Structures are given as C-alpha cells and as structure tokens.
Amino acid sequence: MALVAPTGTANTAALLPLVQESKLPLLFPYAFSHALTDPVKPYAFTTLPEVRVQARILAGYIVTALKQTKVAAIYQNDDFGQDAVIGLDERLAKEKVQLTKLPFDRGTTNFSGVVAQAKDAGVEHVVFLGIPRDAALVLKETAKIGWKPQFSGHSALGDPQTFQLAGAAVEGALAVAVMEPLDSDKPAVKAFIEAQKKQPAEGAADELLDARLQCRHAVRRDGEARRRQDRRGRARRRARGDAGLRGRLMGPISFSAQQHAGSLSGAMMKAENASGR
C-alpha cells in the first residue's frame, strides 16, 4: 500500500523514480532532502523539516536571538551540504549578513585547513553541516587551536554520535531539534525508551534510536491520517486531505496539494555538561 518511514536521505531520494512510476506513496521518511518535495511529487510526503528548512531556522536564530553577523558555514560539498547552505544564505541575506562558505569533501579526516580559514576570516559563529563524525573532528580541531567561536548546526550536531565522539569539545554547541531529543522528560519519549529496552540489545544503540523514534511517530501520524479519510481512499489522498496533525514528539504537521513538506518548524537545543543536550 505504501512505503512508510524509510531511513536515509540519499537512498530515500533514490526511491523517487520508482515511487512516481509505481504510484506507491512514500510517506514520512527519516530523510532531509529538499528534492523529496520540491517541486511537489504527487506520491511523496515528509514530516521532518528538510535541511534547507533547518538552515533557515538556524540562520534566523543566529541573527535575531544571538545578534551575530560574522558567520561561516563549514559544509560537506555534496547535494546535502549545498542544499543546506542555500537555506542558510537565503535567511542571512534578508538581514544583509554575508556568509563565508567553506566546503569540504566527504571522507575528509583533516579539517585544520577549513577551521584555519574560518578563524582567519574573523567569524564569531560557525555553522557545521555534515555527518556527526565530521562534526566531532571540526569541534576537536577548534579546541586544539584554542579558538572558541559559537558552534551550531542542523540536527546531526545534536546526534548522540556527535556527543560520544566530540566529548568536551561539543560544550555549548547549538543544534536544530526536529523532534524531541532522546533525553526529553516528555512521557511520549520515556514510553518509547522503555519500549526499546524490550528490543534485542543490538537494536538499542543511541544512533538508531532517533530513527526509530521518527518511525514510531510517522506510523502513528499515518494511522491518524487514515482515520480522517475514507478507508477506500488511497494513502496519497489521505495525506493530502490532512488539515493538520499535532504530534507529541515534534511540531505541527500539515499537507496540501501544493505543500508535501509536512513540517516547517523546529526548536533549538544546546549541549551542556559535555555529554548532555
């Protein structure tokens, strides 16, 4: 009937031709690509804020809440990173803030060059856009040279892997929260964690829990959307007919014929006590 909550940005995007050809709805992936919903794909719907949306949220926080105007982006030079920089640049440009862009290739292990460039540019805020491993390497490099800009990033900067790999270097970093973090006190998250304890040990690693939490949320939202529509209708029509769903794990979700990106909001989280959020 539908592909529900596939995990991974690149592989989900690769499913799009199959989805469109087979008319099999792709619902609520754990993925962040702008290409999934822009332009609108008749059979694809997302619930997590895409990375371009996350970047706009982050840029707005930098200039309005932090009042910082000297900003650099250290980003992986691929579709994902370039997409994020577009969102960041769009929002900063509205405030006439120039963005220093410092790309790196996936697989890079030495970040001394881009970190030095950011420092030499005199920036006060560094936005990292990439995977948790690389985020940790950049954070450690800045700590190594004794430079202390404000760090921020998309949701990966708040990933458990980043905390594990970066250690004390992550202290004070900001990240966009696309859903409730795993250490949230909210009952829905606690119930999820308790349920996961009953799963096999190999499935309990922190790096898998965020994806599982999104999957649980997605399946429940799918069920709610189904109840709002005729059971004989297709999943695509059910999703498009949704006037707005309010989950306990993330912000409002709403779809229309012209808008298949269900969530356009996020929150900010901050690393405290090195291993906390």
# chains A, B, ... in the order shown; residues from 1 in each chain; ligands from 1

$ residues_around --residues "segment 31-38 of chain A" --least-positions-apart "3" --cutoff "9 Å" --atoms "only C-alpha atoms" --output "list of chain:residue names"
A:Ala5, A:Pro6, A:Thr7, A:Gly8, A:Thr9, A:Ala10, A:Asn11, A:Thr12, A:Ala13, A:Leu16, A:Phe28, A:Lys41, A:Pro42, A:Ala44, A:Phe45, A:Thr46, A:Leu48, A:Pro49, A:Glu50, A:Val51, A:Arg52, A:Val53, A:Asp79, A:Phe80, A:Asp83, A:Ala84, A:Gln259, A:His260, A:Ala261

$ write_last_selection --atoms "C-alpha atoms" --output "mmCIF file, in the first residue's frame"
data_model
loop_
_atom_site.group_PDB
_atom_site.id
_atom_site.type_symbol
_atom_site.label_atom_id
_atom_site.label_comp_id
_atom_site.auth_asym_id
_atom_site.auth_seq_id
_atom_site.Cartn_x
_atom_site.Cartn_y
_atom_site.Cartn_z
ATOM 1 C CA ALA A 5 9.348 5.748 7.161
ATOM 2 C CA PRO A 6 12.332 4.612 5.063
ATOM 3 C CA THR A 7 15.590 5.763 6.671
ATOM 4 C CA GLY A 8 18.412 7.714 4.997
ATOM 5 C CA THR A 9 18.428 10.836 2.828
ATOM 6 C CA ALA A 10 20.359 9.553 -0.202
ATOM 7 C CA ASN A 11 18.660 6.181 -0.521
ATOM 8 C CA THR A 12 15.204 7.693 0.019
ATOM 9 C CA ALA A 13 15.823 10.217 -2.747
ATOM 10 C CA LEU A 16 11.643 8.660 -6.071
ATOM 11 C CA PHE A 28 7.263 10.231 6.249
ATOM 12 C CA LYS A 41 5.992 14.961 -6.015
ATOM 13 C CA PRO A 42 2.454 13.533 -6.220
ATOM 14 C CA ALA A 44 5.936 11.721 -1.685
ATOM 15 C CA PHE A 45 5.264 13.281 1.729
ATOM 16 C CA THR A 46 7.701 14.213 4.508
ATOM 17 C CA LEU A 48 10.758 16.008 9.281
ATOM 18 C CA PRO A 49 11.889 19.563 8.436
ATOM 19 C CA GLU A 50 14.148 19.341 5.393
ATOM 20 C CA VAL A 51 17.720 20.513 5.802
ATOM 21 C CA ARG A 52 17.034 23.742 3.914
ATOM 22 C CA VAL A 53 14.232 24.498 6.373
ATOM 23 C CA ASP A 79 23.796 17.843 -2.624
ATOM 24 C CA PHE A 80 23.033 17.735 1.091
ATOM 25 C CA ASP A 83 21.120 22.408 -0.138
ATOM 26 C CA ALA A 84 21.645 23.434 3.491
ATOM 27 C CA GLN A 259 2.809 21.504 0.013
ATOM 28 C CA HIS A 260 4.041 17.960 0.696
ATOM 29 C CA ALA A 261 6.700 19.015 3.213
#

$ atom_distance --atom1 "atom CA of Ala169 of chain A" --atom2 "atom CA of Arg133 of chain A"
12.9 Å

$ atom_distance --atom1 "atom CA of Gln82 of chain A" --atom2 "atom CA of Ala166 of chain A"
24.1 Å

$ closest_residue --among "A:Leu58, A:Ala72, A:Ala195, A:Leu66" --to "Ala116 of chain A" --atoms "only C-alpha atoms"
A:Ala72

$ closest_residue --among "A:Asp159, A:Asp134, A:Glu124, A:Asp78" --to "Asp183 of chain A" --atoms "only C-alpha atoms"
A:Asp159

$ atom_distance --atom1 "atom CA of Val138 of chain A" --atom2 "atom CA of Phe111 of chain A"
6.0 Å

$ closest_residue --among "A:Phe128, A:Tyr61, A:Tyr43, A:Phe192" --to "Gly266 of chain A" --atoms "only C-alpha atoms"
A:Tyr61

$ residues_around --residues "Leu88 of chain A" --least-positions-apart "2" --cutoff "12 Å" --atoms "only C-alpha atoms" --output "VMD selection string"
chain A and resid 51 to 63 71 to 75 81 to 86 90 to 95 97 to 101 126 to 129 152 to 154

$ select_by_dssp --residues "segment 14-79 of chain A" --states "helix (DSSP H, G or I)" --output "MDAnalysis selection string"
chainID A and resid 14 16:22 34:36 51:64 79

$ select_by_dssp --residues "segment 105-205 of chain A" --states "strand (DSSP E or B)" --output "JSON, numbers by chain"
{"A": [125, 126, 127, 128, 129, 150, 151, 152, 153, 174, 175, 176, 177]}

$ residues_around --residues "Leu165 of chain A" --least-positions-apart "6" --cutoff "10 Å" --atoms "only C-alpha atoms" --output "PyMOL selection string"
chain A and resi 132-137+139-140

$ write_last_selection --atoms "C-alpha atoms" --output "tab-separated table (two decimals), in the first residue's frame"
chain	number	residue	atom	x	y	z
A	132	PRO	CA	28.28	13.53	13.23
A	133	ARG	CA	31.78	12.09	12.77
A	134	ASP	CA	32.93	15.14	10.81
A	135	ALA	CA	31.23	17.48	13.25
A	136	ALA	CA	33.27	15.94	16.07
A	137	LEU	CA	36.51	16.34	14.10
A	139	LEU	CA	34.90	20.67	17.06
A	140	LYS	CA	38.08	18.96	18.25

$ decode --residues "segment 6-17 of chain A" --atoms "N, CA and C atoms" --output "PDB file, in the first residue's frame"
ATOM      1  N   PRO A   6      10.992   5.086   5.432  1.00  0.00           N
ATOM      2  CA  PRO A   6      12.332   4.612   5.063  1.00  0.00           C
ATOM      3  C   PRO A   6      13.378   5.546   5.678  1.00  0.00           C
ATOM      4  N   THR A   7      14.563   5.004   5.962  1.00  0.00           N
ATOM      5  CA  THR A   7      15.590   5.763   6.671  1.00  0.00           C
ATOM      6  C   THR A   7      16.793   6.052   5.777  1.00  0.00           C
ATOM      7  N   GLY A   8      17.224   7.321   5.760  1.00  0.00           N
ATOM      8  CA  GLY A   8      18.412   7.714   4.997  1.00  0.00           C
ATOM      9  C   GLY A   8      18.054   8.673   3.885  1.00  0.00           C
ATOM     10  N   THR A   9      18.755   9.804   3.810  1.00  0.00           N
ATOM     11  CA  THR A   9      18.428  10.836   2.828  1.00  0.00           C
ATOM     12  C   THR A   9      18.747  10.396   1.403  1.00  0.00           C
ATOM     13  N   ALA A  10      19.950   9.885   1.169  1.00  0.00           N
ATOM     14  CA  ALA A  10      20.359   9.553  -0.202  1.00  0.00           C
ATOM     15  C   ALA A  10      19.543   8.401  -0.773  1.00  0.00           C
ATOM     16  N   ASN A  11      19.385   7.334   0.017  1.00  0.00           N
ATOM     17  CA  ASN A  11      18.660   6.181  -0.521  1.00  0.00           C
ATOM     18  C   ASN A  11      17.168   6.469  -0.676  1.00  0.00           C
ATOM     19  N   THR A  12      16.613   7.329   0.178  1.00  0.00           N
ATOM     20  CA  THR A  12      15.204   7.693   0.019  1.00  0.00           C
ATOM     21  C   THR A  12      14.998   8.495  -1.258  1.00  0.00           C
ATOM     22  N   ALA A  13      15.912   9.437  -1.509  1.00  0.00           N
ATOM     23  CA  ALA A  13      15.823  10.217  -2.747  1.00  0.00           C
ATOM     24  C   ALA A  13      15.933   9.308  -3.972  1.00  0.00           C
ATOM     25  N   ALA A  14      16.738   8.251  -3.854  1.00  0.00           N
ATOM     26  CA  ALA A  14      16.913   7.324  -4.974  1.00  0.00           C
ATOM     27  C   ALA A  14      15.642   6.517  -5.253  1.00  0.00           C
ATOM     28  N   LEU A  15      14.735   6.469  -4.282  1.00  0.00           N
ATOM     29  CA  LEU A  15      13.481   5.741  -4.467  1.00  0.00           C
ATOM     30  C   LEU A  15      12.450   6.513  -5.298  1.00  0.00           C
ATOM     31  N   LEU A  16      12.667   7.813  -5.451  1.00  0.00           N
ATOM     32  CA  LEU A  16      11.643   8.660  -6.071  1.00  0.00           C
ATOM     33  C   LEU A  16      11.187   8.204  -7.462  1.00  0.00           C
ATOM     34  N   PRO A  17      12.108   7.831  -8.376  1.00  0.00           N
ATOM     35  CA  PRO A  17      11.633   7.372  -9.691  1.00  0.00           C
ATOM     36  C   PRO A  17      10.708   6.155  -9.595  1.00  0.00           C
TER      37      PRO A  17
END
